[in-house]
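Participant: Dropping a structure here in structure tokens format, bear with me for questions.
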Amino acid sequence: MSEPNPVDDLVSAAAQDAGGWLGALPVAQVATSADGTIVRWNRAAEGLLGYSPQQVIGRHIAELLHPGADRSLGRSLWEAAAGGRGVMGTVTAWHRDGHPVEVEIWASPVPDRRNDASAILLFAAEAHAARRIRGSSAVWDGLFARSPVGIAVLDTQLRFLRVNPALERMNGLSESAHIGRRLSQLLPEVNAEDMEAAMRHVLDSGEPVLDRRRIGRIPSEPDFDRVWSCSYVRVEDPGGRPIGVIASLLDITDQQQAHVEAEAGRRRLALLSEASIRIGSSLEVERTAQELADLAVPRFADAVTVDVLDSLARGDEPGMGLAGGVALRRLGKSPLTGSAITDVLAPLGRTLDFPAAAPYTQALSRRQPFLLATLDEKAISPAARYTTRPAQLLQLGVHSFMMAPLFARDLVLGVASFYRTRPIGPFTSDDVTLAGELAARAALSIDNARLYHREHDTALTLQRSMLPQHITPPAGLEVAHRYLPASDVNEVGGDWYDVLNLPGGKAALLIGDVMGHGTQAAAVMGRLSASVRALARLDIEPEELLHQLEAALDDLAEPMLATFLYAVIDLATGRCRITRAGHPPPVTVSPEGTADLLDLPPGTPLGVGGTRFTTIETTLQPGSLLVLYTDGLIESRGSDIDERLAELTHLLAQPHPALTGLCDSLLAHLVPGSADDDIALLVTRFTGGKSKPAPGVERPET
């Protein structure tokens with residue numbers, strides 16, 4: 001076995017000391033004796049300067065320097081190396097072909113075992129290429145070591161070759177743990193297979209992949225999901241063949257969380273905006289409760305129930321105290337079908353009784369949302385004393401639960417309950433705020449519905465109390481009448497009618513409509529009705545009576561208008577004097593069944609002022625009808641008023657068995673659904689002082 005050559009032994013170590021850039025290009029290796037005689041010349045040196053080993057070995061190293069160049073630098077470098085120091089510098093050498101070559105050399109002393117002198121080992125490379133490679137290598141090494149971006153170099157089998165400190169911190173693993181292993185072996189908790197598929201695509205196609213999201217958990221944070229933005233670029237050899245992949249990773253967990261929170265905020269605002277449109281679209285307590293439940297599923301919760309105080313559901317005023325417990329009626333529930341969760345919950349319409357200590361009662365008493373972010377055996381134990389439902393819900397996968405009380409205008413009205421089963425995380429504090437906002441909107445609408453019904457009932461009661469309870473017509477008249485309230489509280493108000501006995505064998509028929517709605521219109525109607533009764537008994541002229549009613553309206557604190565029709569019939573002769581103030585025209589029906597609108601000046605409504613009213617006179621034949629009505633009977637959305645009047649006269653021309661049947665027939669045909677406005681109807685038959693139609697009338701009694 002030959003003796004080891006010290007020059008050969010130190011080549012690898014010296015190259016490493018010279019810098020990693022030497023491995024990136026061909027490097028000439030030259031060794032000299034202590035006196036400068038060349039003793040070693042490798043193939044790279046031959047390629048650099050063109051001399052074969054036989055042509056240079058035994059010659060002095062200085063002979064290779066360019067004759068026209070400053071040789072002092074070369075001598076100083078060699079002398080420094082001979083003195084035992086490693087040095088680096090740039091010199092101009094003489095190529096065998098006769099042209100100068102600028103080379104960068106690094107010289108290091110090497111002990112010579114055959115004598116104590118030091119030999120010199122030189123590494124040389126073309127200077128321009130060396131500077132370029134060394135510069136790019138320094139930049140790469142600096143970037144690799146100091147960049148906050150995680151960087152990895154992987155081979156064609158997607159095994160880690162090198163990772164930088166930033167990636168070590170991101171993955172929670174040292175570089176040594178990475179080397180030689182694949183991502184799917186190191187971090188199976190992240191979407192490693194998807195990432196490796198992206199890297200294989202980069203290796204196969206050469207197309208880089210940018211901003212691919214990697215989501216998962218790392219060993220240092222096993223309970224927290226992190227998000228990275230990953231980019232992959234193929235590395236190629238000079239021939240264009242793929243030799244690996246460079247991966248760069250940026251931790252964007254905070255940015256992603258901010259984006260998620262912003263998106264959640266936008267969704268919450270959108271839900272609240274939709275709630276302002278959908279919740280409370282009608283003044284009905286049941287419908288409002290169901291609108292809240294339908295709105296929240298599935299965007300906010302997986303199941304929702306809405307319970308209202310049982311007293312409120314019955315139409316009574318809600319109670320103020322909850323000390324003795326609470327009775328709730330379920331008026332909203334979503335989804336109604338197809339959900340195992342809602343199947344075990346009480347159905348719509350069921351009344352639920354909760355004692356004072358139950359969570360439902362406590363939530364209502366405190367008027368604060370109640371949150372169980374994580375539903376488990378411990379969390380449901382307080383409620384389990386009163387019902388088995390929480391345990392059933394837990395078995396069905398409910399993992400988060402929340403209640404929001406419904407209260408408005410300092411009144412507790414009910415509670416909304418929200419259940420979550422999907423793996424989208426528990427309810428959060430932001431969800432509690434949103435639930436409170438939704439509940440507040442629903443509660444205000446429910447309370448508006450409560451006030452609406454109370455106002456409607458009050459106005460209807462007031463109006464009915466001021467209408468004549470029992471009309472006893474004088475001899476010579478048969479009377480039938482109807483009052484139909486509107487379906488909307490805003491339309492209930494001032495319609496009324498009356499039949500009065502007057503001195504001198506006369507009778508007064510009247511009908512009116514106060515322009516306005518609600519209790520105020522009903523109160524004004526009552527005032528006018530009382531005034532008419534007092535004035536009619538004075539036997540004044542019809543037009544004078546209307547002027548007196550105008551004066552009564554002028555005395556009101558707020559201006560009001562009313563339409564009015566007044567007819568005075570001489571019961572012995574059938575002579576009838578009629579005047580009207582903006583009221584729809586009456587209809588007369590002859591004994592033969594011919595129906596006609598009575599032609600008389602319309603006048604202007606009472607309260608306008610400055611109007612002269614006109615009275616006309618007509619004679620009613622025994623057996624004829626006089627039909628008075630308010631505009632609610634003939635006005636309809638989307639219909640022409642003349643067409644409606646023609647329909648009215650057509651119906652009146654048909655035979656009817658009795659006056660009550662005629663009233664019912666008119667309402668059934670002209671108002672088949674709910675009334676948009678309240679309706680007053682007064683039908684009178686003139687019998688000529690007899691209780692039956694005059695002899696000779698062949699048509700059936702109408």
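Chain labels run A, B, ... following the order of the structure tokens; each chain numbers its residues from 1, and ligands are numbered from 1 in the order shown.
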Could the residues of region 317-389 of chain A that have an atom at most 10 Å from region 438-454 of chain A be listed as a Markdown table, each with its closest atom pair and the distance in Å to one decimal, counting only C-alpha atoms and ordered by chain and ascending residue number?
Facilitator:
| residue | atom | partner | partner_atom | distance |
| --- | --- | --- | --- | --- |
| A:Glu317 | CA | A:Arg450 | CA | 8.3 |
| A:Pro318 | CA | A:Arg450 | CA | 9.5 |
| A:Pro369 | CA | A:Ala439 | CA | 9.8 |
Participant: Env of region 237-250 of chain A: 7 Å cut, atoms = only C-alpha atoms, seq-sep filter 3 positions within chain, self excluded. Answer as a PyMOL selection string.
Facilitator: chain A and resi 149-156+203+228-234
Participant: Could you take the residues named above and write them with N, CA and C atoms, as a PDB file, in the first residue's frame?
Facilitator:
ATOM      1  N   VAL A 149     -38.754  33.549   5.578  1.00  0.00           N
ATOM      2  CA  VAL A 149     -39.522  32.611   4.769  1.00  0.00           C
ATOM      3  C   VAL A 149     -38.903  31.224   4.895  1.00  0.00           C
ATOM      4  N   GLY A 150     -39.738  30.231   5.130  1.00  0.00           N
ATOM      5  CA  GLY A 150     -39.225  28.869   5.199  1.00  0.00           C
ATOM      6  C   GLY A 150     -38.794  28.387   3.827  1.00  0.00           C
ATOM      7  N   ILE A 151     -37.560  27.838   3.738  1.00  0.00           N
ATOM      8  CA  ILE A 151     -37.012  27.387   2.454  1.00  0.00           C
ATOM      9  C   ILE A 151     -36.513  25.961   2.621  1.00  0.00           C
ATOM     10  N   ALA A 152     -36.826  25.134   1.607  1.00  0.00           N
ATOM     11  CA  ALA A 152     -36.352  23.750   1.620  1.00  0.00           C
ATOM     12  C   ALA A 152     -35.903  23.363   0.225  1.00  0.00           C
ATOM     13  N   VAL A 153     -34.883  22.517   0.172  1.00  0.00           N
ATOM     14  CA  VAL A 153     -34.426  21.927  -1.086  1.00  0.00           C
ATOM     15  C   VAL A 153     -34.744  20.438  -1.009  1.00  0.00           C
ATOM     16  N   LEU A 154     -35.455  19.932  -2.021  1.00  0.00           N
ATOM     17  CA  LEU A 154     -35.855  18.529  -2.053  1.00  0.00           C
ATOM     18  C   LEU A 154     -35.350  17.889  -3.336  1.00  0.00           C
ATOM     19  N   ASP A 155     -35.067  16.591  -3.279  1.00  0.00           N
ATOM     20  CA  ASP A 155     -34.602  15.895  -4.474  1.00  0.00           C
ATOM     21  C   ASP A 155     -35.791  15.442  -5.309  1.00  0.00           C
ATOM     22  N   THR A 156     -35.507  14.716  -6.363  1.00  0.00           N
ATOM     23  CA  THR A 156     -36.583  14.296  -7.267  1.00  0.00           C
ATOM     24  C   THR A 156     -37.518  13.273  -6.635  1.00  0.00           C
ATOM     25  N   LEU A 203     -42.108  19.108 -10.871  1.00  0.00           N
ATOM     26  CA  LEU A 203     -41.011  18.312 -11.434  1.00  0.00           C
ATOM     27  C   LEU A 203     -41.322  17.853 -12.852  1.00  0.00           C
ATOM     28  N   TRP A 228     -50.180  27.904   5.841  1.00  0.00           N
ATOM     29  CA  TRP A 228     -48.987  28.377   5.155  1.00  0.00           C
ATOM     30  C   TRP A 228     -49.304  28.607   3.680  1.00  0.00           C
ATOM     31  N   SER A 229     -48.620  29.601   3.105  1.00  0.00           N
ATOM     32  CA  SER A 229     -48.652  29.813   1.663  1.00  0.00           C
ATOM     33  C   SER A 229     -47.375  29.209   1.085  1.00  0.00           C
ATOM     34  N   CYS A 230     -47.536  28.213   0.202  1.00  0.00           N
ATOM     35  CA  CYS A 230     -46.396  27.451  -0.312  1.00  0.00           C
ATOM     36  C   CYS A 230     -46.206  27.715  -1.804  1.00  0.00           C
ATOM     37  N   SER A 231     -44.939  27.861  -2.202  1.00  0.00           N
ATOM     38  CA  SER A 231     -44.596  28.001  -3.619  1.00  0.00           C
ATOM     39  C   SER A 231     -43.478  27.012  -3.941  1.00  0.00           C
ATOM     40  N   TYR A 232     -43.529  26.439  -5.158  1.00  0.00           N
ATOM     41  CA  TYR A 232     -42.578  25.401  -5.549  1.00  0.00           C
ATOM     42  C   TYR A 232     -41.993  25.740  -6.921  1.00  0.00           C
ATOM     43  N   VAL A 233     -40.644  25.605  -7.041  1.00  0.00           N
ATOM     44  CA  VAL A 233     -39.930  25.875  -8.298  1.00  0.00           C
ATOM     45  C   VAL A 233     -38.994  24.709  -8.579  1.00  0.00           C
ATOM     46  N   ARG A 234     -38.955  24.274  -9.839  1.00  0.00           N
ATOM     47  CA  ARG A 234     -38.077  23.153 -10.211  1.00  0.00           C
ATOM     48  C   ARG A 234     -36.635  23.633 -10.348  1.00  0.00           C
TER      49      ARG A 234
END
Participant: Looking only at the backbone, which of the residues in region 589-656 of chain A does DSSP tag as strand (DSSP E), as a PyMOL selection string?
Facilitator: chain A and resi 589+595-597+615-619+625-629
Participant: Closest to Ala581 (chain A) among A:Arg527, A:Asp513, A:Ala521, A:Glu437, using only C-alpha atoms?
Facilitator: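 That would be A:Asp513, the residue with the smallest distance to Ala581 (chain A).
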Participant: Which residue out of A:Pro542, A:Gly582, A:Gly688, A:Pro359 has the minimum interatomic distance to Pro474 (chain A) when only C-alpha atoms are used?
Facilitator: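 Looking at the shortest contact to Pro474 (chain A), the residue is A:Gly688.
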Participant: Could you pull out the residues in region 139-189 of chain A that DSSP calls helix (DSSP H, G or I) from the backbone, as number ranges by chain?
Facilitator: A: 139-146, 165-171, 175-178, 183-186
Participant: Pull C-alpha atoms from the residues just selected and write them as a tab-separated table (two decimals), in the first residue's frame.
Facilitator:
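Produced file result_26.tsv, reproduced below:
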chain	number	residue	atom	x	y	z
A	139	VAL	CA	-26.36	35.69	-1.56
A	140	TRP	CA	-28.03	32.28	-1.49
A	141	ASP	CA	-26.37	31.31	1.80
A	142	GLY	CA	-27.37	34.61	3.39
A	143	LEU	CA	-30.92	34.36	2.15
A	144	PHE	CA	-31.17	30.73	3.20
A	145	ALA	CA	-29.89	31.36	6.71
A	146	ARG	CA	-31.59	34.65	7.55
A	165	PRO	CA	-33.90	27.78	10.27
A	166	ALA	CA	-37.20	29.47	9.45
A	167	LEU	CA	-38.65	26.20	8.15
A	168	GLU	CA	-37.31	24.36	11.19
A	169	ARG	CA	-39.34	26.73	13.37
A	170	MET	CA	-42.43	26.45	11.20
A	171	ASN	CA	-42.46	22.65	11.24
A	175	GLU	CA	-32.95	20.08	10.04
A	176	SER	CA	-31.54	16.67	10.87
A	177	ALA	CA	-35.07	15.36	11.37
A	178	HIS	CA	-35.95	16.55	7.85
A	183	LEU	CA	-43.21	15.68	4.05
A	184	SER	CA	-45.85	12.96	4.30
A	185	GLN	CA	-43.53	11.04	6.65
A	186	LEU	CA	-42.72	14.03	8.80
Participant: Could you name the residues that touch Pro298 (chain A) at 12 Å or less, counting only C-alpha atoms, but leaving out those on the same chain fewer than 5 positions away, as an mmCIF file with C-alpha atoms, in the first residue's frame?
Facilitator:
data_model
loop_
_atom_site.group_PDB
_atom_site.id
_atom_site.type_symbol
_atom_site.label_atom_id
_atom_site.label_comp_id
_atom_site.auth_asym_id
_atom_site.auth_seq_id
_atom_site.Cartn_x
_atom_site.Cartn_y
_atom_site.Cartn_z
ATOM 1 C CA LEU A 271 -77.620 38.315 8.090
ATOM 2 C CA LEU A 292 -86.591 34.296 13.072
ATOM 3 C CA ALA A 293 -86.161 30.508 13.157
ATOM 4 C CA ALA A 303 -81.595 24.135 14.625
ATOM 5 C CA VAL A 304 -83.569 26.976 16.221
ATOM 6 C CA SER A 334 -86.552 25.259 12.125
ATOM 7 C CA PRO A 335 -86.078 22.946 10.369
ATOM 8 C CA SER A 339 -83.887 16.896 11.386
ATOM 9 C CA PHE A 418 -79.840 28.010 18.920
ATOM 10 C CA TYR A 419 -78.253 24.565 18.441
ATOM 11 C CA ARG A 420 -75.082 23.687 16.509
ATOM 12 C CA THR A 421 -74.112 20.204 15.305
ATOM 13 C CA ARG A 422 -71.826 20.742 12.307
ATOM 14 C CA ILE A 424 -67.661 24.447 12.331
#
Participant: Give the answer as one residue: which of A:Ile634, A:Ile578, A:Val479, A:Ala562 has the shortest atom-to-atom distance to Gly661 (chain A), using only C-alpha atoms?
Facilitator: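 Selected residue with least distance to Gly661 (chain A): A:Val479.
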Participant: Need the shell around Pro188 (chain A): protein/DNA/RNA residues with any atom at most 12 Å away, counting only C-alpha atoms. Skip same-chain ones fewer than 4 positions apart. Format as JSON, numbers by chain?
Facilitator: {"A": [171, 182, 183, 184, 192, 193, 194, 195, 196, 214, 215, 216, 217, 218, 219]}
Participant: Take the selection from the previous step and output its residues with C-alpha atoms, as a PDB file, in the first residue's frame.
Facilitator:
ATOM      1  CA  ASN A 171     -42.464  22.652  11.244  1.00  0.00           C
ATOM      2  CA  ARG A 182     -40.580  13.232   2.831  1.00  0.00           C
ATOM      3  CA  LEU A 183     -43.211  15.679   4.047  1.00  0.00           C
ATOM      4  CA  SER A 184     -45.849  12.957   4.305  1.00  0.00           C
ATOM      5  CA  ALA A 192     -49.022  16.574   2.837  1.00  0.00           C
ATOM      6  CA  GLU A 193     -50.315  14.410  -0.006  1.00  0.00           C
ATOM      7  CA  ASP A 194     -51.815  17.426  -1.727  1.00  0.00           C
ATOM      8  CA  MET A 195     -48.544  19.337  -1.351  1.00  0.00           C
ATOM      9  CA  GLU A 196     -46.469  16.453  -2.712  1.00  0.00           C
ATOM     10  CA  ARG A 214     -51.050  24.143   3.406  1.00  0.00           C
ATOM     11  CA  ILE A 215     -53.221  23.662   6.487  1.00  0.00           C
ATOM     12  CA  GLY A 216     -52.537  21.513   9.506  1.00  0.00           C
ATOM     13  CA  ARG A 217     -50.925  21.125  12.883  1.00  0.00           C
ATOM     14  CA  ILE A 218     -47.284  20.768  13.817  1.00  0.00           C
ATOM     15  CA  PRO A 219     -45.707  18.825  16.717  1.00  0.00           C
TER      16      PRO A 219
END
Participant: Just to confirm, what's the straight-line distance from CA of His547 (chain A) to CA of Glu635 (chain A) in Å (one decimal)?
Facilitator: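 One can read the CA of His547 (chain A) to CA of Glu635 (chain A) distance as 27.2 Å.
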Participant: Which residues are close to region 587-596 of chain A, i.e. within 6 Å by only C-alpha atoms, leaving aside same-chain residues fewer than 2 positions away? Reply as a list in words.
Facilitator: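 So, after excluding close chain neighbours, the residues are Leu598, Gly623, Ser624, Leu625, Leu626, Val627, Thr649 and Ala653 of chain A.
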Participant: Write a file of the selected residues as a PDB file, in the first residue's frame, keeping C-alpha atoms.
Facilitator:
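Contents of part_11.pdb, freshly written:
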ATOM      1  CA  LEU A 598    -129.358  57.905  -7.381  1.00  0.00           C
ATOM      2  CA  GLY A 623    -141.714  47.771  -1.904  1.00  0.00           C
ATOM      3  CA  SER A 624    -138.707  49.734  -3.183  1.00  0.00           C
ATOM      4  CA  LEU A 625    -135.284  49.631  -1.552  1.00  0.00           C
ATOM      5  CA  LEU A 626    -132.821  52.318  -0.561  1.00  0.00           C
ATOM      6  CA  VAL A 627    -129.253  50.967  -0.137  1.00  0.00           C
ATOM      7  CA  THR A 649    -126.316  47.498  -9.091  1.00  0.00           C
ATOM      8  CA  ALA A 653    -131.254  43.680  -9.284  1.00  0.00           C
TER       9      ALA A 653
END
Participant: In terms of the shortest atom-to-atom distance over only C-alpha atoms, which of A:Ser311, A:Thr579, A:Thr684, A:Thr388 is closest to Ala327 (chain A)?
Facilitator: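 Closest to Ala327 (chain A), using only C-alpha atoms: A:Ser311.
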Participant: Calculate how many Å separate CA of Asp495 (chain A) from CA of Phe564 (chain A), rounding to one decimal.
Facilitator: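 Computing it gives 9.8 Å between the two atoms.
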Participant: Give me, as a compact mmCIF listing (two decimals) with N, CA and C atoms, in the first residue's frame, all polymer residues having an atom no more than 7 Å from region 680-682 of chain A, counting only C-alpha atoms and skipping those fewer than 3 positions away in the same chain.
Facilitator:
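Written file, around_38.txt:
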# COMPACT_ATOMS: atom_id res chain seq x y z
N ALA A 480 -132.18 46.19 7.33
CA ALA A 480 -131.11 45.21 7.60
C ALA A 480 -129.78 45.94 7.51
N HIS A 481 -128.83 45.54 8.33
CA HIS A 481 -127.55 46.27 8.35
C HIS A 481 -126.42 45.30 8.69
N ARG A 482 -125.26 45.71 8.26
CA ARG A 482 -124.05 44.93 8.54
C ARG A 482 -122.88 45.89 8.79
N TYR A 483 -121.97 45.42 9.67
CA TYR A 483 -120.69 46.12 9.83
C TYR A 483 -119.58 45.07 9.74
N LEU A 484 -118.62 45.31 8.87
CA LEU A 484 -117.50 44.37 8.67
C LEU A 484 -116.20 45.11 8.93
N ASP A 495 -116.43 54.13 10.32
CA ASP A 495 -117.67 53.87 9.59
C ASP A 495 -118.83 53.69 10.57
N TRP A 496 -119.98 54.30 10.25
CA TRP A 496 -121.16 54.09 11.11
C TRP A 496 -122.44 54.32 10.31
N TYR A 497 -123.55 53.88 10.86
CA TYR A 497 -124.87 54.05 10.26
C TYR A 497 -125.89 54.16 11.38
N VAL A 627 -130.47 51.64 -0.61
CA VAL A 627 -129.25 50.97 -0.14
C VAL A 627 -128.17 52.01 0.10
N LEU A 628 -127.69 52.11 1.34
CA LEU A 628 -126.61 53.01 1.71
C LEU A 628 -125.40 52.16 2.13
N TYR A 629 -124.19 52.64 1.84
CA TYR A 629 -122.97 51.87 2.08
C TYR A 629 -121.78 52.82 2.17
N THR A 630 -120.68 52.34 2.73
CA THR A 630 -119.44 53.11 2.75
C THR A 630 -118.52 52.60 1.64
Participant: Of the residues A:Pro468, A:Gly673, A:Pro473, A:Gly47, which is the one nearest to Ala508 (chain A), using only C-alpha atoms?
Facilitator: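 Between A:Pro468, A:Gly673, A:Pro473, A:Gly47, the residue approaching Ala508 (chain A) most closely is A:Pro473.
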Participant: Extract, using only C-alpha atoms, all DNA, RNA and protein residues at most 12 Å from Leu375 (chain A), discarding same-chain residues fewer than 2 positions from it, and format them as a list of chain:residue names.
Facilitator: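 Near Leu375 (chain A), the qualifying residues are A:Leu371, A:Leu372, A:Ala373, A:Glu377, A:Lys378, A:Ala379, A:Ile380, A:Ser381, A:Ala383, A:Pro390, A:Ala391, A:Gln392, A:Leu393, A:Leu394, A:Gln395, A:Leu396, A:Gly397, A:Val398, A:His399, A:Ser400, A:Phe401, A:Met402, A:Tyr419, A:Arg420, A:Thr421, A:Gly425, A:Pro426, A:Phe427.
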Participant: Now that the selection is made, can you save its residues with N, CA and C atoms as a short mmCIF file (atom, residue, chain, number, x, y, z; two decimals), in the first residue's frame?
Facilitator:
data_model
loop_
_atom_site.label_atom_id
_atom_site.label_comp_id
_atom_site.auth_asym_id
_atom_site.auth_seq_id
_atom_site.Cartn_x
_atom_site.Cartn_y
_atom_site.Cartn_z
N LEU A 371 -74.97 31.02 27.19
CA LEU A 371 -74.13 30.29 26.25
C LEU A 371 -73.50 29.08 26.90
N LEU A 372 -73.63 27.94 26.21
CA LEU A 372 -72.85 26.73 26.52
C LEU A 372 -72.00 26.45 25.29
N ALA A 373 -70.80 27.06 25.26
CA ALA A 373 -69.96 26.93 24.07
C ALA A 373 -69.66 25.47 23.76
N GLU A 377 -71.53 16.47 29.34
CA GLU A 377 -72.30 15.99 30.48
C GLU A 377 -72.30 16.99 31.64
N LYS A 378 -71.17 17.61 31.86
CA LYS A 378 -71.09 18.57 32.95
C LYS A 378 -71.93 19.80 32.66
N ALA A 379 -71.92 20.24 31.40
CA ALA A 379 -72.65 21.46 31.05
C ALA A 379 -74.15 21.27 31.14
N ILE A 380 -74.65 20.06 30.84
CA ILE A 380 -76.10 19.86 30.81
C ILE A 380 -76.66 19.44 32.17
N SER A 381 -75.80 19.22 33.14
CA SER A 381 -76.28 18.70 34.42
C SER A 381 -77.31 19.60 35.09
N ALA A 383 -79.65 21.49 33.73
CA ALA A 383 -80.93 21.34 33.05
C ALA A 383 -81.44 19.91 33.12
N PRO A 390 -81.75 17.60 27.09
CA PRO A 390 -80.33 17.91 26.87
C PRO A 390 -79.49 16.66 26.60
N ALA A 391 -79.75 15.57 27.34
CA ALA A 391 -78.99 14.34 27.12
C ALA A 391 -79.27 13.78 25.73
N GLN A 392 -80.51 13.85 25.29
CA GLN A 392 -80.85 13.37 23.94
C GLN A 392 -80.13 14.21 22.88
N LEU A 393 -80.13 15.51 23.06
CA LEU A 393 -79.47 16.39 22.10
C LEU A 393 -77.97 16.12 22.06
N LEU A 394 -77.39 15.87 23.21
CA LEU A 394 -75.96 15.56 23.26
C LEU A 394 -75.65 14.29 22.48
N GLN A 395 -76.49 13.28 22.60
CA GLN A 395 -76.30 12.04 21.86
C GLN A 395 -76.47 12.23 20.36
N LEU A 396 -77.28 13.21 19.97
CA LEU A 396 -77.53 13.47 18.55
C LEU A 396 -76.47 14.38 17.92
N GLY A 397 -75.48 14.77 18.70
CA GLY A 397 -74.37 15.52 18.13
C GLY A 397 -74.39 17.01 18.37
N VAL A 398 -75.31 17.51 19.17
CA VAL A 398 -75.30 18.94 19.49
C VAL A 398 -74.09 19.22 20.38
N HIS A 399 -73.20 20.10 19.92
CA HIS A 399 -71.97 20.36 20.67
C HIS A 399 -71.90 21.79 21.20
N SER A 400 -72.83 22.64 20.79
CA SER A 400 -72.82 24.02 21.28
C SER A 400 -74.25 24.53 21.32
N PHE A 401 -74.57 25.33 22.35
CA PHE A 401 -75.96 25.74 22.58
C PHE A 401 -75.97 27.16 23.12
N MET A 402 -77.03 27.90 22.72
CA MET A 402 -77.13 29.29 23.14
C MET A 402 -78.60 29.68 23.19
N TYR A 419 -78.98 25.82 18.28
CA TYR A 419 -78.25 24.57 18.44
C TYR A 419 -77.28 24.41 17.27
N ARG A 420 -76.08 23.90 17.57
CA ARG A 420 -75.08 23.69 16.51
C ARG A 420 -74.58 22.25 16.57
N THR A 421 -74.58 21.59 15.40
CA THR A 421 -74.11 20.20 15.31
C THR A 421 -72.95 20.05 14.33
N GLY A 425 -67.06 24.57 14.66
CA GLY A 425 -66.65 25.25 15.88
C GLY A 425 -67.84 25.65 16.73
N PRO A 426 -67.60 25.94 17.99
CA PRO A 426 -68.69 26.31 18.90
C PRO A 426 -69.14 27.75 18.67
N PHE A 427 -70.26 28.11 19.28
CA PHE A 427 -70.69 29.49 19.28
C PHE A 427 -69.66 30.33 20.02
#
